[in-house]
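**Q** Okay, handing you the structure first.
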Amino acid sequence: MTKREIAITVAKRLNVTQKVAAQVLDALIEEMRQTLSRGERIEIRDFGVFSVRKAKQKLARNPRTNQEVIVPARKRIKFVPGKRMKALSLDLSD
């Protein structure tokens with residue numbers, strides 16, 4: 001599902017225009033982006049938690065040249081699903 005499809009669905013559900021729904025969705029995404037960039041945690045009850053984790057520097061290998069490469073330390077976004085998301089028992093094996 002794309003961002004546009006989500007905006008259309010939200011617009012129908014809330015009986016607002018697609019433009020308004022898209023603006024709300026854009027504002028939500030931007031706020032989440034800003035919050036995560038500050039290293040803060042986002043908890044949406046029954047959906048899940050987004051948090052920033054530090055990944056350590058590691059040694060990797062280029063499969064084409066077999067040359068060792070150092071992958072620098074960086075920050076990663078981690079998502080942990082909430083209870084209702086886990087209860088859906090999503091089958092991702094397809």
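Chain labels A, B, ... are given in the sequence in which chains occur in the structure tokens; within each chain residues are numbered consecutively from 1, and ligands are likewise numbered from 1 in the order shown.
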Might you pull out every residue within 12 Å of range 40-46 of chain A, with only C-alpha atoms counted and same-chain residues fewer than 5 positions away left off, and present them as a list in words?

**A**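 That gives Leu28, Ile29, Glu31, Met32, Arg33, Gln34, Thr35, Ser51, Val52, Arg53, Ile77, Lys78, Phe79, Val80, Pro81, Gly82, Lys83, Arg84, Met85, Lys86, Ala87 and Leu88 of chain A.
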
**Q** Restricted to C-alpha atoms, what would the selected residues look like written as a short mmCIF file (atom, residue, chain, number, x, y, z; two decimals), in the first residue's frame?

**A**
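Result file is result37.cif:
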```cif
data_model
loop_
_atom_site.label_atom_id
_atom_site.label_comp_id
_atom_site.auth_asym_id
_atom_site.auth_seq_id
_atom_site.Cartn_x
_atom_site.Cartn_y
_atom_site.Cartn_z
CA LEU A 28 2.54 12.63 10.85
CA ILE A 29 5.42 11.20 8.84
CA GLU A 31 6.91 14.45 12.97
CA MET A 32 7.98 10.80 13.22
CA ARG A 33 11.08 11.54 11.11
CA GLN A 34 12.04 14.50 13.31
CA THR A 35 11.46 12.55 16.53
CA SER A 51 13.33 3.38 18.48
CA VAL A 52 16.85 4.30 17.43
CA ARG A 53 19.59 1.78 18.13
CA ILE A 77 15.64 2.35 13.38
CA LYS A 78 14.12 -0.63 15.14
CA PHE A 79 10.41 -1.51 15.13
CA VAL A 80 8.87 -3.81 17.72
CA PRO A 81 5.23 -4.70 17.03
CA GLY A 82 2.62 -4.17 19.74
CA LYS A 83 0.20 -6.74 21.13
CA ARG A 84 -2.53 -6.25 18.53
CA MET A 85 -0.02 -6.40 15.68
CA LYS A 86 1.45 -9.61 17.07
CA ALA A 87 -2.05 -11.02 17.48
CA LEU A 88 -2.67 -10.64 13.74
#
```

**Q** If you run DSSP on the backbone, which residues of chain A are alpha helix (DSSP H), as a PyMOL selection string?

**A** chain A and resi 3-14+18-37+83-87

**Q** Write down as a PyMOL selection string the residues belonging to range 52-88 of chain A that are assigned strand (DSSP E) by DSSP computed on the backbone.

**A** chain A and resi 52-55+58-61+68-71+74-81

**Q** Any idea what's packed within 12 Å of Lys19 in chain A, counting only C-alpha atoms, ignoring anything in its chain fewer than 6 positions away? Could you give it as a list in words?

**A**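 The residues satisfying every condition are Arg4, Ile6, Ala7, Ile8, Thr9, Val10, Ala11, Lys12, Leu25 and Asp26 of chain A.
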